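Only one structure is covered here, and it is reproduced in the block below.
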Amino acid sequence: SGTGEEQDGAAAPTLNVWAGSQTPITANFNPFAPTVLHGALGPVYETLFLYNKAGGGDPVPMLGETFEWNEDGTVLTVTVRQGVEWSDGEAFTVDDVVYSFTNEITKSTYLESAEATDDTTVVLTYSEPQFTNEFAILGGAWMLPEHVWSEKSVEEATTWANETPVGTGPYTVDTVSEASYTLVANESYWQEGKPAVKSVRYLGIDANASAEDLLKSGDLDWAAMFVPDPEGIAAAGGPAGYVNTPQDPTVLYTCANAELGCAGPQTDVAVRQALNLALDRGTINEKAFVGLTGTISPTFALLGRDDQWIAPDVDKQSPQAADVDAATAVLEAAGYAKGADGIYAKDGAPVELELVSVEGWTDYNDAAKLIEEQAAAAGIKVTATTVTWQEFSDNRQSGNFQLIMGGVIGTSMADPFQIYRDWFSGEYTQPVGTQLEAGEWNFTRYSNPVVDAAVATAAAASDEQAKMAAYTEIQHEISRDLPYIPLVINATQTFYNDAEFTGWPTEDDLYAFPPSWGAVSAGYILANLEPVE
Amino acid sequence: MAENRILPSRSAKSVTGLAIVVAIVLFAIVAPFFTQNPRFSGNDAFLPPNVDHLLGTTKLGYDVLAQLAHGARGSLIVGVIAAAIAIVLSLIFGIFAGYAGGWTDEILSMGTNVMLVIPGLPLVMVIAVYAESRSIWLVAFILGITSWAGSAIVLRSQARSLRSRDYVGAAQVAGERTFRILLVEIMPNLLPLLAAQFLSALILAILGEAGLSFLGLGPSGSITWGTMITDANGGNAMSAGAWWWFVPPGLMIAVFGAGLSLVNFSIDEVVNPKLRVVADPAVRRRAPKAGASA
Amino acid sequence: MRYFVRRIIFYAITVWAAISFNFLIPRLMPGDPAEIMLAKMARNGEIAPGVERTIRLLLGSDTDQNIWEQYVAYLGNLFRGDLGVSFTKFPTPVTELIGAALPWSLGLLGLATIISFVIGIAAGAWIGWRRGTWVDHIIPGSTLLQSLPYFWVALLLVYGFAVVNPWFPRIGGYDVFTFNGPEATMEFAGSVLYHGLLPALTVVLSSFGGWLLGMRNMMVATLSEDYITTAEAKGLRRSRILLGYAVRNAALPSIAGFGISLAFVVTGSIVMEQVFTYPGLGKLMITAVQGNDYALMQGLFLVITLTVLAATFLMDIVYGFVDPRTRQNG
Amino acid sequence: MGTLEVRNLVKDFRVGHGLRRSRLRAVDDVSFTLEAGKTVALVGESGSGKSTVARTLARLETPSSGEILLDGRPVSGSRNALRAYRHEVQMVFQDPFASLNPFHPVAHHLERPIRLHGLERNREGVTARVHELLERVQLTPAETYAAKRPHEMSGGQRQRVAIARALAPGARFLVADEPVSMLDVSIRLGVLNLLARLQREENLGVLYITHDLATARHFSDEILVMYRGQVVERGPSDRVILDPQHEYTKTLLAAAPDPARHGRLRDEVRAELAAS
Amino acid sequence: MSEPVLTARGVSIEYRTAPVVRAVRDVSLTLHRGEILGLAGESGCGKTTFAYGLTRLLKPPAVLTSGEIVFHDRGGEDIDVTALDGDALRAFRWDKVSMVFQGAMNSLNPVITVRAQIDDVLTTHRPGMPRAERAERAAELLRLVDVDPSRLDSYAHQLSGGMRQRVMIAMALALEPQVMIMDEPTTALDVVVQRGILREIMRLRERLGFAVVFITHDLPLLIEISDRIAVMLEGAIVELDTAENLYERPQHAYTQRLLESFPSLTGERGDFVRTGEAAGPVVRAPASDDQAAATPALEGTA
Ligand SMILES: Nc1ncnc2c1ncn2[C@@H]1O[C@H](COP(=O)(O)OP(=O)(O)OP(=O)(O)O)[C@@H](O)[C@H]1O
Ligand SMILES: Nc1ncnc2c1ncn2[C@@H]1O[C@H](COP(=O)(O)OP(=O)(O)OP(=O)(O)O)[C@@H](O)[C@H]1O
Ligand SMILES: [Mg+2]
Ligand SMILES: [Mg+2]
C-alpha cells in the first residue's frame, strides 16, 4: 500500500496515538510475537467477544454472536457472525474459527475438540470445566484467517513478522516506519459505516516526558500514561478528554515461601504483616501517585466492580494510614527486638529488605522511596533500588528477590478468580531459581494447600454460593499471609482528544476499557469514534 | 622556580578554580550535617525556594538543598574512586610501558590505544547491565576501569622522556633497584601530571555517572547529582516549572567541572612552561619606540 | 609508508579486540536470553511447546559447542554480516535495525562534530593568537561548557525551545506527524534539517569547549616556537603566520586526537538521542540495554566502535597529509 | 694499583620498529685500559660512539660483545657483582640539568649511594659523609647545599654535586661524559680543575669524554680518537694533538677554532674566490 | 673602516617580570657595512635579547625601555627602526635585516616544504615576482649555500642539522639583506660541520657584502672569524675592539678571564689546567665561579 491516501488528509484528520516507548518501530503484526505492535490487537485482529474490563456487564458480541456453556462447563457452543469478510476479500467462516482454536500455536492442552457443526456454529469441547476460562477463550483468542495462516509452519508462524496482516478488524495496515505506523480504515468492515476515522497513526515516543509534552501541545490525540497533573494537559492546550480507570492492583511482591527457596526476612509472615501495617497508603497515593490511584482490597477483588465477591468477615480495604504501633507489636509478638540502630532483629538477623522497582517508572520509584521511609519508622529497613525492566522480569521469573514493587493483572470480568488461580495457587509456581512456566504468575512462590483446594473448588463450582464459599476461604488466607502486600489500585489514565473526535468511553459511559494499549478494546473504541465536523 | 610546585600560586584562573573546587568539596563534606534528611518526604511538594527550603522541594517533598548536598557526596565518591582506579591503571599501563620500553611497551600501548578508541559509554552500559545490582562503588569501579586509557597515553610519553633523563641513569649507576627508581625518581616528577589526569578523570567520571543514571544504569539507592537530574526529569520538574529541582545539580556538575579544568589549566602551565602566557604589559602610554605591538 | 602500515596493523588489532570483547561480554552475563524471551511471550498467552523449541534454537542457548567453536562460528557469522536477531524487536535482524539507525547518527553526529570541531578549532586558534588580552576571559566560560552533561543540555534546550517556545520540534528525526516514513522529497529533507537542529546544537554546545581549550593551549605553545619568531622576522603578513605557521602546526594534535574525542562525543550523544527520541544508534543502544537485547547490544557496540575507528582512520589519513613527518617515520 | 680494561667492545643498537628493524653499530671493536691515577680522553665528533662507550662502562648498556675487566677479572652480570663493580666505577653525566632529579634535594642524591653501598649505617654517619663530600667538591657551607634542590643551583654547582655523587661510593674509576660541555665557558675550567685535583688526590682512573680537543690535550695523559664507532688513533695527548697521524684526527684539528688563527679563514676564502 | 649600516644607541631592554630583569643595559653599537661583528658573552648576558631588540621581535614581557636603532639604507636614507610599525615594519624585516636563529631544527616550519618557506618570503616582499622566477631564485639560493636544489621539496625533518642551517642561511639571503644577525648559528653542530658553515658565511659575505652580527659564547671562534668583537657582560658591552686587539691585548678583566677559559690547542702546554687553582681573576665580587649560570627563567628549557 502506498501513501496515496494523503489527499484526503485535510478532509479526514488522522488520529495520532501514542504507541509507547518502542522506537525504533519494526513492523510486526503477528499477534503471537512478543514484539507485536498494539495496532494489531483489536484494530486488525478481533476476538469473538469483547469483555469490558472497566465497566463489567455482558460480553459484547464481536465475531461471535452468542455463546452457551453446557452444565459442567466442558462444552462451549458459539454462534458465529455471518457476512464478515477478511480484509483480503475472503469470507470469514466457521472454519476460520475452528482453525483459530486448533492450530499448533494457540491450541491449549485441555481443548479436546473444536468442530463446526454447521455454517454458523462452533462447538468447543474441553477435558475440564472451563467456566473461569471464559474470558481467555472468548475474549482473548484472536480469530485468524485459515487461508493465510495455515500456510505457515509453527516455526514460521512464531517468527513471522506478518507485515501486511489480514484481519477482520476496522483497520488495515498502511505504512510502517521506525517512528510510526499508520492504519487505514477497512472499507469492508462488518459494522456498517464504521470506522468513521479513516486514518490512525501510532507514534513511538521514548520518554514519558516527551509524550506528555506532545499531549500538551495537542499533537497526540490518544495516549494512556501516568501524568501527575492530568488537568495540566488540557490547560496547556492539549486534549481535554481524560478518564482514570484504576483496574490493576499495585502490590509489593514478597518472595514468601522459604520452602521453595526464598530467603530473607520477608519469608516470615510477621514481617509481611508488620510491613503491611507500617505502610501509609494515603501518603503513597497522595505523593507518589498524585491522588490518582484507587483503594485496594486485601481480597484482590476490585472494589466497586467485584464487591459481591468480598467475604463479609474480611477487611474490605487495606489500611490507609500507617499504624506503627500495631506493626511493631506484630514484630515483637513474633520475637523480634529493636536493635541499637532502630531496626528490629531476630536471632541476630536484622529486618533488612531490598525493594526493587523498574527504572523509569517514576511513580513506582517514588512510592518505593516513600515505603523506605515509612518502613524505617516501624523499625524495618527497606532499601529501594531500581533495575531495568528486563532485570525486574528476570528476578520475578526466577524468584530472585525480596520485595518487588509491581502490578497484578486485574481480571477482565467482574470476578477475581483468575487472580486467585494464576497468582496465588501453589500449582502456578516453581522453586526459586527456576523460571515460571508460561501462564504461571505466582511470582511470590506462595503455596498454601487451603488456597489450592479452594481454587479447585471454585473452578468447578457451577453455582455462586459454592464459589463464594471457596472465595471466602481464599480471602481469609491471603489477607493474613500477604504474599503480595497490597498497595493501591493503579491509576490508568487515558487522555483523548474529544474536540476533534467523539465517541470516546467516558466516566459516564465506560463502554470499553479506555487506554490506547488495551487489546481488543482499542479496536472497538477506534471503530466507534467519529471525527468532529 | 616553580619546578617542584604542583600548583602555581597566584593566577586568577588557578585561584578561581581552586576556590570553586574547595568550596564544592567542603559543601559535600560539611553541608550534609546541616541539611534535612534528603529522603524526608514530610515537606510539601514542589515548594519554590523559600526560607525553610533554600532550594525548594521536589515532587515527593524532599528538600533540594539536602539532596544537592548528599548528591555532592555521592558524585564526589563516584568521581574520586573512579578517578583513583583510572589513575592506578593508567600508571600501570602508562608508566610501566614507558619505562620498560621494547615489546612490553608495544603490547601495553597497543592495549591502551585500543581502549582509547573504543567508546566508553557503550562498554560501560554493557558492563553495567551485566551487574546484578549496582552500588555506588560498583558504578565507580566500572567507570574507573573503562576510563584510564587517555591518561595512560600521556603518562607513557612522559615516563619515556623521564626514563631517558640522566638522573635515572645516575640512579642506576648508583645501584638503585628498578622499582625504587620508578617510585622515588620518576613518580614524583609525574605528580603534577598525575594530579591533572586525576582531576580530568574525576569530572569525566561524574559526567559518566550522570549519563548512566539518566539511562537507568546508575547507582541504585544512592543520591548523586546524576540521580537528581534523572529524578527531576522523571518527576517532570521542567514542565511543572520546578527549575530549582532540575537546574542546580546540572549546574553543580558544570561548575565543578569548570573549577577542575581551571586548576588543570594552571597545572598545565607548570608542566609545560610554553603555556605560560604573559599579559601585554601596559606599554601603550610609552612612546611608540618602546616596541608597541608585537 | 611505514606509518600507514603501522596504523593499519593497529586498526586490525583494535577491530579484533572490539569483536572479541563483543563475543566475551554476553557470555559472561547471567541469564539465558531464550528464557527471557519465553517469559516475555508468556505475557500474551500460552506458548505451545513447538514455539519454545524454535526460540531456543534461534537464540542459541543450550548449545553443546565449546567456547572456541562458538568463537569460530561467531567470527564466521560476522564475516557474512550476520549479527543475529534482535529480541526486543523479534524477529528483526540486528543488521536491519542498525542499518536503519546508522544514517541518522552518522548524519547528525557527523555534521555536529564537524561543526563543533571547526568552531572549536577556530575559536581556540583565535583565543590562543590573542593570548594575554581580554579574550583569555573566554576560557573559564568554555571550561563550563565542556563539563555540561549532554542530556542536561538537551533537556534544557527542549524545555526552552520546544516546550515553552515551541520553535523546534519536540521529538524525532523528521516530522512524524506529516511523513509516514522517510521520503526522497525536499520537504522531507527540510524536515530532517529542522529536526536535527536542537540535537546538533546539544552536541556542538557541549563538545566545542573541549576542542577550543585543546587548540588554545597548542596555539599558545606553538606561538613560542622558533619558527614562528622566524616567520615574524621574515616580515610575513600576520594572516600568513596565523594560518600557514601557527594554526597548521597547532591543529595537528587535535587532528591526531580526533578519534579519541569522537569516542567521547559518541558517548555523550547516546544519552542525548534518548531525550529527542532521535532514531539513531544511541537510542537503539538504550533500547537494547533496557531490554537485555544481547544480540542488538553486541551489534551496536561493534558498529559504534567500528564507526569511531573509521572516523579515526579518516582523520589519520588527513593527518598523514597535513603532517609530512608521519609519512616518513612512524 | 688497579685497572679497568675494555676489550674488543662492540655495541649494536636495534633501530626502527616492527618489521623494518635494522642494526646500528655504535661501537665497533674498541679496546683500552684505564689505570689508576691516569686520565684517558676520548674525543670524536658527534655520534661517534663516545657516550655509548661510557654508558657501557657504567653498565647502563650491555655490550653486544667484548669484555670489561676490573683489575684483570671479567665482571659477571650477577646482582652482587654489579654492585661490587659500581662500588668501583662511577659516572658523571653530561647535562647537569638532567642528571639531578629536580624533585629531590642534594642530600638525597648523595645519601642514596652511601646507603646503597653500605658505607654508613646510621643517620649521623651518612650526614657526616654527605657534608664531607660536599666540602670535597668545594660546596661550602655543606649544610646549606645539602638542603638545596637542583633548580636552586647553577650549572656548575650542579655538576659539582654530580661529581660528589660519583665519588660517594668510594669509586676508583670515574667515567666523565662531556662533564663540562653544557656549562658556561667561564666556569668550565673551574669544574675541570676540581676533577683534576680529585683525580690526583684520590688516585682515580678517569675516562674523560669530550669533543673539545684543547681540554682533552691539557687534561689527559692519553687521547683516543673515535670515528664511526672505531678508535682511529691513540697516543700520548701531546703527540696526538701536535702530530696527528690519522686523516680524521687532522680534519678534526683543522676544524677546531683557534684564536691564534684569526683572520686566516677570511683570507683563505678571499684567495679561493679570487682564484675562481 | 667603511660606513655604518646599523647604529644602536643607548638601547635598554627589560623583562617586565617580577622581579624586573634588565637584560640589556644602555648598549650602543655601530655595525659597518660588510663587516662581521662578533658578540660574545656568557649565557644569559642578554645577547639574544639584544638581537631581538635590533629587529623589533621582542614579545611581552620584554620591553624596549629606551634607546634608538637606526638603519642606514644603501640609498643613503636612515630608517628609525624603533619607530617602525605595522606594514612598514614588516617590509623592513628580512628585506634589510635578516636573522638566523640558534635552533635551525626549530626555525623551519615542520609542516611545509623548504620551497614554500622561501616562497613565503618572496611573495610577501616581492609581490610582483612571477612564479617561475621565484622557483629559479629559490634554486639559486640553495646552490649558493651548497645544498642541492632538489632539496627544495623536502621538509625540515628530512634534512640533516647542517643542511637545515644552510637552508636557513639561504633563506636569510633571499632578499639580499644588508645585515644578517646570526644568533649562535652553529652551536648545535659538529665542529667539522660548523667549520663548513662558517666558511660558507665568509664566502657569501665576500660575494654579497652584507654585514653580520655573529652571536656566540665561543670566543676563540669569534676571534678567528670576526672583524670586530663586542664582549657583553650582564647586559652591557664591556669591551669592543678588533678581533686582533681583543685577542692580543684584552683590556677588560672579564675579557681576559674569558680568554683564559680557553686553553690553547696547539700552543704551550701550560700547567694551569692540571694544577688547577690558578684560574684568572674573579670578576664579579661575591660570585663563586659559576653564579652566572643561575638563570632561573631559562631552566627547564635548557
Ligand atoms: N639507545 C640507542 N638506541 C639506538 N641508537 C643509539 C642509542 N644510543 C646511541 N645510539 C646511536 O649510537 C651512535 C653513537 O651514539 P653516542 O651517543 O655514543 O655518540 P657520541 O659520540 O656520544 O655523540 P655526542 O658527541 O653527540 O654525544 C649514534 O649514531 C646514536 O644515534
Ligand atoms: N621571557 C623572559 N622572561 C624573563 N626574563 C627573561 C626572559 N627571557 C630572557 N630573560 C632573561 O634575560 C636575560 C638575557 O637573556 P638572553 O636570552 O638575551 O641571554 P643570552 O645572552 O642570549 O643567553 P644564551 O647564551 O644562553 O642564549 C637573562 O637573564 C634571562 O634570564
Ligand atoms: Mg655523547
Ligand atoms: Mg641566546
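Chain identifiers are assigned as A, B, and so on, following the order in which chains appear in the C-alpha cells; residues are numbered from 1 within each chain, and ligands are numbered from 1 in order of appearance.
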**Report entry** Near-stretch 180-185 of chain B list (10 Å; only C-alpha atoms; drop same-chain fewer than 5 positions) as a PyMOL selection string
**Finding:** (chain B and resi 95-96+99+159+162-163+167-169+171-172+175+190) or (chain D and resi 100-104)
Export all heavy atoms of the chosen residues as a short mmCIF file (atom, residue, chain, number, x, y, z; two decimals), in the first residue's frame?
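Just written: out05.cif:
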data_model
loop_
_atom_site.label_atom_id
_atom_site.label_comp_id
_atom_site.auth_asym_id
_atom_site.auth_seq_id
_atom_site.Cartn_x
_atom_site.Cartn_y
_atom_site.Cartn_z
N ILE B 95 53.11 4.11 32.86
CA ILE B 95 54.48 4.22 33.33
C ILE B 95 55.25 2.94 33.07
O ILE B 95 56.38 2.95 32.63
CB ILE B 95 54.49 4.56 34.84
CG1 ILE B 95 53.79 5.88 35.00
CG2 ILE B 95 55.91 4.59 35.36
CD1 ILE B 95 54.15 6.63 36.21
N PHE B 96 54.58 1.85 33.29
CA PHE B 96 55.28 0.60 33.07
C PHE B 96 55.70 0.49 31.61
O PHE B 96 56.84 0.18 31.29
CB PHE B 96 54.38 -0.57 33.48
CG PHE B 96 55.13 -1.84 33.60
CD1 PHE B 96 56.19 -1.95 34.49
CD2 PHE B 96 54.81 -2.93 32.80
CE1 PHE B 96 56.90 -3.12 34.58
CE2 PHE B 96 55.51 -4.10 32.90
CZ PHE B 96 56.56 -4.21 33.79
N TYR B 99 58.45 2.99 30.86
CA TYR B 99 59.74 2.70 31.45
C TYR B 99 60.34 1.43 30.85
O TYR B 99 61.52 1.37 30.55
CB TYR B 99 59.64 2.56 32.97
CG TYR B 99 60.99 2.45 33.62
CD1 TYR B 99 61.77 3.58 33.82
CD2 TYR B 99 61.51 1.22 33.99
CE1 TYR B 99 63.02 3.50 34.38
CE2 TYR B 99 62.76 1.13 34.55
CZ TYR B 99 63.52 2.27 34.75
OH TYR B 99 64.77 2.18 35.30
N ALA B 159 56.68 9.29 30.87
CA ALA B 159 57.61 8.36 31.50
C ALA B 159 58.75 8.04 30.56
O ALA B 159 59.91 7.89 30.97
CB ALA B 159 56.88 7.08 31.89
N LEU B 162 61.10 10.84 30.75
CA LEU B 162 61.80 10.85 32.03
C LEU B 162 62.83 9.72 32.10
O LEU B 162 63.90 9.86 32.66
CB LEU B 162 60.82 10.73 33.19
CG LEU B 162 59.95 11.94 33.47
CD1 LEU B 162 59.03 11.67 34.63
CD2 LEU B 162 60.80 13.17 33.75
N ARG B 163 62.45 8.59 31.49
CA ARG B 163 63.34 7.44 31.55
C ARG B 163 64.69 7.77 30.93
O ARG B 163 65.73 7.30 31.37
CB ARG B 163 62.71 6.28 30.79
CG ARG B 163 63.57 5.04 30.80
CD ARG B 163 62.89 3.94 30.02
NE ARG B 163 62.94 4.21 28.60
CZ ARG B 163 63.24 3.30 27.69
NH1 ARG B 163 63.51 2.09 28.06
NH2 ARG B 163 63.25 3.62 26.41
N TYR B 167 69.22 11.54 35.18
CA TYR B 167 69.17 11.21 36.60
C TYR B 167 68.67 9.79 36.85
O TYR B 167 68.97 9.20 37.87
CB TYR B 167 68.42 12.24 37.43
CG TYR B 167 66.97 12.48 37.12
CD1 TYR B 167 65.99 11.59 37.51
CD2 TYR B 167 66.57 13.65 36.48
CE1 TYR B 167 64.66 11.84 37.26
CE2 TYR B 167 65.25 13.90 36.22
CZ TYR B 167 64.29 13.00 36.61
OH TYR B 167 62.99 13.26 36.37
N VAL B 168 67.93 9.28 35.88
CA VAL B 168 67.53 7.88 36.00
C VAL B 168 68.76 7.00 35.80
O VAL B 168 69.00 6.06 36.57
CB VAL B 168 66.43 7.54 34.99
CG1 VAL B 168 66.13 6.06 35.02
CG2 VAL B 168 65.18 8.34 35.31
N GLY B 169 69.54 7.35 34.79
CA GLY B 169 70.79 6.62 34.57
C GLY B 169 71.67 6.73 35.80
O GLY B 169 72.27 5.74 36.24
N ALA B 171 70.83 7.17 38.86
CA ALA B 171 70.33 6.33 39.94
C ALA B 171 70.69 4.88 39.69
O ALA B 171 71.05 4.14 40.61
CB ALA B 171 68.81 6.48 40.06
N GLN B 172 70.63 4.48 38.44
CA GLN B 172 71.01 3.12 38.11
C GLN B 172 72.49 2.88 38.44
O GLN B 172 72.85 1.86 39.01
CB GLN B 172 70.79 2.85 36.62
CG GLN B 172 69.45 2.26 36.32
CD GLN B 172 69.23 2.20 34.81
OE1 GLN B 172 69.03 3.22 34.17
NE2 GLN B 172 69.30 1.00 34.26
N GLY B 175 73.20 2.24 41.76
CA GLY B 175 72.83 0.91 42.20
C GLY B 175 71.40 0.78 42.68
O GLY B 175 71.05 -0.19 43.34
N LEU B 190 56.22 13.05 38.05
CA LEU B 190 54.98 12.93 37.30
C LEU B 190 53.80 13.49 38.10
O LEU B 190 52.69 13.54 37.61
CB LEU B 190 54.71 11.46 37.00
CG LEU B 190 55.57 10.85 35.92
CD1 LEU B 190 55.34 9.35 35.85
CD2 LEU B 190 55.25 11.47 34.57
N LEU D 100 70.44 15.49 37.74
CA LEU D 100 69.96 15.52 39.12
C LEU D 100 68.44 15.57 39.08
O LEU D 100 67.85 16.31 38.29
CB LEU D 100 70.49 16.76 39.85
CG LEU D 100 72.00 16.87 39.97
CD1 LEU D 100 72.37 18.15 40.71
CD2 LEU D 100 72.59 15.67 40.67
N ASN D 101 67.84 14.76 39.92
CA ASN D 101 66.39 14.71 39.95
C ASN D 101 65.83 16.00 40.56
O ASN D 101 66.10 16.29 41.72
CB ASN D 101 65.95 13.51 40.77
CG ASN D 101 64.46 13.24 40.63
OD1 ASN D 101 63.69 14.13 40.30
ND2 ASN D 101 64.07 12.00 40.86
N PRO D 102 65.09 16.77 39.78
CA PRO D 102 64.63 18.07 40.28
C PRO D 102 63.77 17.94 41.53
O PRO D 102 63.57 18.92 42.25
CB PRO D 102 63.82 18.63 39.12
CG PRO D 102 63.50 17.47 38.26
CD PRO D 102 64.61 16.49 38.43
N PHE D 103 63.27 16.76 41.78
CA PHE D 103 62.36 16.61 42.90
C PHE D 103 63.08 16.49 44.24
O PHE D 103 62.52 16.80 45.27
CB PHE D 103 61.48 15.38 42.68
CG PHE D 103 60.29 15.33 43.58
CD1 PHE D 103 59.16 16.05 43.28
CD2 PHE D 103 60.32 14.58 44.75
CE1 PHE D 103 58.07 16.03 44.12
CE2 PHE D 103 59.23 14.55 45.59
CZ PHE D 103 58.09 15.28 45.27
N HIS D 104 64.32 16.01 44.19
CA HIS D 104 65.00 15.70 45.45
C HIS D 104 66.09 16.70 45.78
O HIS D 104 66.75 17.21 44.88
CB HIS D 104 65.61 14.30 45.35
CG HIS D 104 64.58 13.22 45.21
ND1 HIS D 104 63.63 12.98 46.17
CD2 HIS D 104 64.33 12.34 44.21
CE1 HIS D 104 62.86 11.98 45.77
NE2 HIS D 104 63.26 11.58 44.58
#
Query - At most 9 Å from ligand 1 (only C-alpha atoms and all ligand atoms): residue list as an NGL selection string - result: (:B and (164)) or (:D and (11-16 or 23-27 or 43-55 or 61 or 94 or 177-178 or 209-211 or 226-229)) or (:E and (190))
Requested in this report: For ligand 2, list the contacting residues at 10 Å or closer, counting only C-alpha atoms and all ligand atoms, as a ChimeraX atom specification.
Outcome: /B:276-278 /D:184 /E:13-24,39-53,58-62,102,183-184,215-218,232-235,292-299,302
Those same residues - C-alpha atoms - I'd like them written as an mmCIF file, in the first residue's frame.
data_model
loop_
_atom_site.group_PDB
_atom_site.id
_atom_site.type_symbol
_atom_site.label_atom_id
_atom_site.label_comp_id
_atom_site.auth_asym_id
_atom_site.auth_seq_id
_atom_site.Cartn_x
_atom_site.Cartn_y
_atom_site.Cartn_z
ATOM 1 C CA ARG B 276 52.711 30.454 30.461
ATOM 2 C CA VAL B 277 51.191 33.490 28.947
ATOM 3 C CA VAL B 278 52.198 36.929 29.982
ATOM 4 C CA ASP D 184 79.187 28.227 30.682
ATOM 5 C CA ILE E 13 65.600 46.234 27.378
ATOM 6 C CA GLU E 14 63.692 44.925 30.345
ATOM 7 C CA TYR E 15 61.693 41.822 31.056
ATOM 8 C CA ARG E 16 58.677 43.059 32.975
ATOM 9 C CA THR E 17 58.513 40.108 35.257
ATOM 10 C CA ALA E 18 58.717 40.037 39.000
ATOM 11 C CA PRO E 19 61.431 40.954 39.677
ATOM 12 C CA VAL E 20 62.167 43.003 36.596
ATOM 13 C CA VAL E 21 65.134 41.680 34.629
ATOM 14 C CA ARG E 22 67.199 44.351 32.989
ATOM 15 C CA ALA E 23 68.536 42.171 30.213
ATOM 16 C CA VAL E 24 70.177 44.845 28.078
ATOM 17 C CA LEU E 39 79.025 39.472 20.034
ATOM 18 C CA ALA E 40 80.439 37.326 22.805
ATOM 19 C CA GLY E 41 79.327 36.707 26.337
ATOM 20 C CA GLU E 42 78.135 34.087 28.688
ATOM 21 C CA SER E 43 74.799 32.520 28.823
ATOM 22 C CA GLY E 44 72.147 34.919 29.994
ATOM 23 C CA CYS E 45 74.103 38.089 29.419
ATOM 24 C CA GLY E 46 71.488 39.425 27.031
ATOM 25 C CA LYS E 47 72.849 38.617 23.589
ATOM 26 C CA THR E 48 69.663 37.157 22.205
ATOM 27 C CA THR E 49 67.555 39.826 23.805
ATOM 28 C CA PHE E 50 69.648 42.490 22.167
ATOM 29 C CA ALA E 51 69.410 40.778 18.788
ATOM 30 C CA TYR E 52 65.630 40.627 19.119
ATOM 31 C CA GLY E 53 65.637 44.259 20.051
ATOM 32 C CA LEU E 58 60.601 41.419 21.393
ATOM 33 C CA LYS E 59 57.450 39.956 22.850
ATOM 34 C CA PRO E 60 55.867 40.562 26.198
ATOM 35 C CA PRO E 61 57.075 40.755 28.861
ATOM 36 C CA ALA E 62 60.131 42.180 27.106
ATOM 37 C CA GLN E 102 70.183 29.166 17.051
ATOM 38 C CA ASP E 183 72.364 34.046 16.907
ATOM 39 C CA GLU E 184 74.558 31.066 17.709
ATOM 40 C CA ILE E 215 76.489 35.926 18.345
ATOM 41 C CA THR E 216 78.155 33.123 20.246
ATOM 42 C CA HIS E 217 79.782 32.326 23.532
ATOM 43 C CA ASP E 218 82.665 30.661 21.764
ATOM 44 C CA MET E 232 78.877 41.595 26.759
ATOM 45 C CA LEU E 233 78.546 41.172 30.483
ATOM 46 C CA GLU E 234 75.293 41.364 32.366
ATOM 47 C CA GLY E 235 73.526 43.266 29.645
ATOM 48 C CA ALA E 292 76.346 33.463 36.288
ATOM 49 C CA ALA E 293 74.792 30.271 35.099
ATOM 50 C CA ALA E 294 71.955 30.620 37.523
ATOM 51 C CA THR E 295 69.409 31.916 35.083
ATOM 52 C CA PRO E 296 66.200 30.724 36.577
ATOM 53 C CA ALA E 297 63.887 31.702 33.804
ATOM 54 C CA LEU E 298 65.683 29.503 31.380
ATOM 55 C CA GLU E 299 65.600 26.432 33.471
ATOM 56 C CA ALA E 302 67.895 24.337 28.670
#
Requested in this report: Please run DSSP on the backbone and report, as a ChimeraX atom specification, all residues within stretch 3-163 of chain E that come out as alpha helix (DSSP H).
Outcome: /E:47-54,86-92,104-107,114-125,131-144,161-163
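Taking only C-alpha atoms, the non-local environment of B:Gly79 within 9 Å (same-chain residues fewer than 4 positions away omitted) comprises Gly74, Ser75, Ala83, Ala84, Ala140, Leu143, Gly144, Ala201, Leu202, Ile203, Leu204, Ala205, Ile206, Leu207 and Glu209 of chain B.
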Residues as selected, N, CA and C atoms, written as a short mmCIF file (atom, residue, chain, number, x, y, z; two decimals), in the first residue's frame, can you do that?
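Result file is out13.cif:
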data_model
loop_
_atom_site.label_atom_id
_atom_site.label_comp_id
_atom_site.auth_asym_id
_atom_site.auth_seq_id
_atom_site.Cartn_x
_atom_site.Cartn_y
_atom_site.Cartn_z
N GLY B 74 27.72 11.87 46.97
CA GLY B 74 27.65 10.70 46.09
C GLY B 74 28.49 10.89 44.85
N SER B 75 28.29 12.02 44.19
CA SER B 75 29.01 12.26 42.94
C SER B 75 30.51 12.29 43.19
N ALA B 83 38.25 7.92 39.51
CA ALA B 83 39.48 8.57 39.09
C ALA B 83 40.68 7.85 39.69
N ALA B 84 40.56 7.44 40.94
CA ALA B 84 41.68 6.76 41.56
C ALA B 84 41.98 5.45 40.83
N ALA B 140 31.31 3.29 40.31
CA ALA B 140 32.61 3.95 40.29
C ALA B 140 33.66 3.02 39.71
N LEU B 143 33.25 2.72 35.94
CA LEU B 143 33.70 3.94 35.27
C LEU B 143 35.22 4.00 35.31
N GLY B 144 35.80 3.58 36.43
CA GLY B 144 37.25 3.63 36.56
C GLY B 144 37.95 2.72 35.58
N ALA B 201 39.96 12.92 35.12
CA ALA B 201 39.25 11.65 35.29
C ALA B 201 38.07 11.83 36.25
N LEU B 202 38.29 12.67 37.23
CA LEU B 202 37.24 12.93 38.21
C LEU B 202 35.99 13.48 37.56
N ILE B 203 36.17 14.51 36.77
CA ILE B 203 34.98 15.12 36.18
C ILE B 203 34.37 14.19 35.13
N LEU B 204 35.23 13.48 34.43
CA LEU B 204 34.67 12.53 33.45
C LEU B 204 33.83 11.48 34.13
N ALA B 205 34.29 11.02 35.28
CA ALA B 205 33.54 10.00 36.00
C ALA B 205 32.22 10.57 36.50
N ILE B 206 32.24 11.79 36.97
CA ILE B 206 30.99 12.40 37.45
C ILE B 206 30.01 12.54 36.30
N LEU B 207 30.52 12.97 35.15
CA LEU B 207 29.66 13.08 33.98
C LEU B 207 29.17 11.70 33.56
N GLU B 209 28.77 9.08 35.39
CA GLU B 209 27.77 8.59 36.33
C GLU B 209 26.41 9.24 36.04
#
Requested in this report: Find the residues near D:Pro244: any atom within 10 Å, counting only C-alpha atoms, skip ones fewer than 4 places away on the same chain, and give them as a PyMOL selection string.
Outcome: chain D and resi 233-235+238-240+248-253
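Each of D:Ile163, D:Val126, D:Val225, D:Val206 was compared to D:Leu194 using only C-alpha atoms, and D:Ile163 turns out to be the nearest.
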